Amino acid sequence: MGKVLDELAVARYRRDGYVTPLTACSAAQAEAWHQDVRRCCGTAERAESEAGIRQPSTRVKPYLLFPWAAELVRHPAILDAVEDVIGPDILVFHTTLWWKPAGTEGFVPWHQDATYFGLAPHEHVTAWLALTPSTEAAGCVTVLPGSHKHGQLPHADRKDPAVMLSRGQSVAAPVEAQAAVPIVLQPGQFSLHDTLVLHASAPNRSTHDRIGLGISYIPARVRHIGPTRLSATLVRGTNRFDHFDLEARPAQEADAAARAVHADSIGRFWTASEAIPEMTLAH
Ligand SMILES: O=C(O)CCC(=O)C(=O)O
């Protein structure tokens, strides 16, 4: 028996490449974080896309900018489940805020997270936490059970402005989409998916924004294979391996120190992405 997942749930995760639904927090707490997201991560993203200028987005690694997001990625209920699949020494390697406005065309093509991150061994797990209802109509994440067993698959860039991955990466292999399973989550619930499991999401046809965070956790033994030394945040246990520089937790909302840490971390990630062709620029 693990901290949250029983043996059956861990076995399902290993067999299917995902486990869902799990509960992180109350709906009230999820709504408070939803409002934090709207307050902190709305304007900057618009300015970024209007100007067409690449700058550290508040939607990437927000836990380095905002104390509420730093608390979110350290939530004990999420970490307990993550510990059950990757062990007790846990780093946050990355986090993306996935904000799909109501009635918009944005979608995520079939892909494996491992393609983008340049991590070895493939032990990274993504926790996807819903802050608004993530239903089929709203374009929830869908997974292809068992697809992680095929290992790393080739990907190609897909030039489509509606693709929410920055390079439009899409798996370059046939996908049996009829076997896909929707991961329906209510605010405060989360799923875990394996770094190699194929997943995707459709446009949001609902009348509410679909907002969630994909938090990338790795065991401290995992390393980055590129020449750039990256940074990560220790959220549980001990960092015995020194594979990453450890990031500082923000003291005040987006103050100068936090912005410097955020810009440094994302800058290194961009540099690494140029050295490893498979790595996305913003995933
Ligand atoms: O939120 C989505 O629609 C896609 C999420 C995703 O690709 C991920 O968390 O790895």
# chains A, B, ... in the order shown; residues from 1 in each chain; ligands from 1
$ residues_around --residues "stretch 164-180 of chain A" --least-positions-apart "4" --cutoff "7 Å" --atoms "only C-alpha atoms" --output "ChimeraX atom specification"
/A:106-111,142-145,153-160,280-283
$ write_last_selection --atoms "N, CA, C and O atoms" --output "JSON list (two decimals), in the first residue's frame"
[["chain", "number", "residue", "atom", "x", "y", "z"],
["A", 106, "GLY", "N", -8.14, 25.98, -30.13],
["A", 106, "GLY", "CA", -6.87, 25.41, -29.67],
["A", 106, "GLY", "C", -7.01, 23.93, -29.32],
["A", 106, "GLY", "O", -7.98, 23.52, -28.68],
["A", 107, "PHE", "N", -6.05, 23.15, -29.74],
["A", 107, "PHE", "CA", -6.05, 21.72, -29.40],
["A", 107, "PHE", "C", -4.62, 21.24, -29.24],
["A", 107, "PHE", "O", -3.66, 21.94, -29.62],
["A", 108, "VAL", "N", -4.47, 20.06, -28.68],
["A", 108, "VAL", "CA", -3.15, 19.46, -28.46],
["A", 108, "VAL", "C", -3.10, 18.14, -29.22],
["A", 108, "VAL", "O", -3.92, 17.25, -28.96],
["A", 109, "PRO", "N", -2.18, 18.01, -30.18],
["A", 109, "PRO", "CA", -2.11, 16.76, -30.95],
["A", 109, "PRO", "C", -1.51, 15.62, -30.12],
["A", 109, "PRO", "O", -0.92, 15.85, -29.06],
["A", 110, "TRP", "N", -1.65, 14.42, -30.63],
["A", 110, "TRP", "CA", -1.09, 13.25, -29.94],
["A", 110, "TRP", "C", 0.41, 13.40, -29.79],
["A", 110, "TRP", "O", 1.11, 13.69, -30.78],
["A", 111, "HIS", "N", 0.88, 13.23, -28.58],
["A", 111, "HIS", "CA", 2.32, 13.39, -28.33],
["A", 111, "HIS", "C", 2.70, 12.65, -27.05],
["A", 111, "HIS", "O", 1.83, 12.26, -26.26],
["A", 142, "THR", "N", -7.09, 13.41, -23.33],
["A", 142, "THR", "CA", -7.43, 12.01, -23.58],
["A", 142, "THR", "C", -6.13, 11.22, -23.70],
["A", 142, "THR", "O", -5.14, 11.74, -24.23],
["A", 143, "VAL", "N", -6.14, 9.99, -23.22],
["A", 143, "VAL", "CA", -4.91, 9.19, -23.26],
["A", 143, "VAL", "C", -5.17, 7.89, -24.02],
["A", 143, "VAL", "O", -6.30, 7.41, -24.08],
["A", 144, "LEU", "N", -4.10, 7.34, -24.55],
["A", 144, "LEU", "CA", -4.17, 6.04, -25.22],
["A", 144, "LEU", "C", -3.56, 5.01, -24.27],
["A", 144, "LEU", "O", -2.33, 4.92, -24.13],
["A", 145, "PRO", "N", -4.43, 4.22, -23.58],
["A", 145, "PRO", "CA", -3.92, 3.31, -22.56],
["A", 145, "PRO", "C", -2.88, 2.33, -23.14],
["A", 145, "PRO", "O", -3.07, 1.79, -24.23],
["A", 153, "LEU", "N", 8.50, 7.40, -29.46],
["A", 153, "LEU", "CA", 8.10, 7.36, -30.87],
["A", 153, "LEU", "C", 8.59, 8.64, -31.56],
["A", 153, "LEU", "O", 8.74, 9.69, -30.91],
["A", 154, "PRO", "N", 8.81, 8.59, -32.89],
["A", 154, "PRO", "CA", 9.23, 9.81, -33.59],
["A", 154, "PRO", "C", 8.10, 10.84, -33.64],
["A", 154, "PRO", "O", 6.92, 10.47, -33.70],
["A", 155, "HIS", "N", 8.45, 12.10, -33.58],
["A", 155, "HIS", "CA", 7.48, 13.20, -33.67],
["A", 155, "HIS", "C", 7.87, 14.12, -34.83],
["A", 155, "HIS", "O", 9.05, 14.20, -35.19],
["A", 156, "ALA", "N", 6.88, 14.81, -35.37],
["A", 156, "ALA", "CA", 7.15, 15.82, -36.41],
["A", 156, "ALA", "C", 6.46, 17.11, -36.03],
["A", 156, "ALA", "O", 5.44, 17.09, -35.32],
["A", 157, "ASP", "N", 6.99, 18.23, -36.48],
["A", 157, "ASP", "CA", 6.35, 19.52, -36.19],
["A", 157, "ASP", "C", 5.14, 19.70, -37.11],
["A", 157, "ASP", "O", 5.21, 19.38, -38.29],
["A", 158, "ARG", "N", 4.06, 20.20, -36.53],
["A", 158, "ARG", "CA", 2.83, 20.40, -37.30],
["A", 158, "ARG", "C", 2.53, 21.89, -37.32],
["A", 158, "ARG", "O", 2.30, 22.50, -36.28],
["A", 159, "LYS", "N", 2.57, 22.47, -38.52],
["A", 159, "LYS", "CA", 2.38, 23.92, -38.63],
["A", 159, "LYS", "C", 0.89, 24.25, -38.65],
["A", 159, "LYS", "O", 0.26, 24.26, -39.69],
["A", 160, "ASP", "N", 0.36, 24.49, -37.50],
["A", 160, "ASP", "CA", -1.07, 24.81, -37.40],
["A", 160, "ASP", "C", -1.20, 25.76, -36.21],
["A", 160, "ASP", "O", -0.87, 25.39, -35.08],
["A", 280, "THR", "N", 10.59, 20.78, -26.93],
["A", 280, "THR", "CA", 9.76, 21.90, -27.31],
["A", 280, "THR", "C", 10.28, 23.17, -26.63],
["A", 280, "THR", "O", 11.05, 23.13, -25.70],
["A", 281, "LEU", "N", 9.83, 24.32, -27.12],
["A", 281, "LEU", "CA", 10.29, 25.57, -26.54],
["A", 281, "LEU", "C", 9.48, 25.95, -25.31],
["A", 281, "LEU", "O", 9.95, 26.66, -24.46],
["A", 282, "ALA", "N", 8.26, 25.52, -25.23],
["A", 282, "ALA", "CA", 7.44, 26.00, -24.12],
["A", 282, "ALA", "C", 6.60, 24.94, -23.45],
["A", 282, "ALA", "O", 5.90, 25.24, -22.52],
["A", 283, "HIS", "N", 6.65, 23.71, -23.90],
["A", 283, "HIS", "CA", 5.79, 22.70, -23.27],
["A", 283, "HIS", "C", 6.15, 22.54, -21.80],
["A", 283, "HIS", "O", 7.30, 22.48, -21.45]]
$ residues_near_ligand --ligand "ligand 1" --cutoff "7 Å" --atoms "only C-alpha atoms and all ligand atoms" --output "VMD selection string"
chain A and resid 98 107 to 108 113 126 128 139 to 141 199 to 201 212 214
$ select_by_dssp --residues "stretch 7-169 of chain A" --states "strand (DSSP E)" --output "JSON, numbers by chain"
{"A": [18, 19, 20, 21, 22, 23, 90, 91, 92, 93, 94, 95, 96, 97, 98, 99, 100, 108, 109, 110, 111, 119, 120, 125, 126, 127, 128, 129, 130, 141, 142, 143, 155, 156, 157, 169]}
$ closest_residue --among "A:Thr132, A:Ala28, A:Asp16, A:Trp33" --to "A:Ile211" --atoms "only C-alpha atoms"
A:Thr132
$ select_by_dssp --residues "stretch 56-250 of chain A" --states "helix (DSSP H, G or I)" --output "count of residues only"
32
$ closest_residue --among "A:Val4, A:Ala275, A:Ala24, A:Ala232" --to "A:His262" --atoms "only C-alpha atoms"
A:Ala232
$ closest_residue --among "A:Val184, A:Ser216, A:Leu72, A:Glu31" --to "A:Glu123" --atoms "only C-alpha atoms"
A:Ser216
$ closest_residue --among "A:Ile266, A:Ser231, A:Trp68, A:Ser26" --to "A:Arg39" --atoms "only C-alpha atoms"
A:Trp68
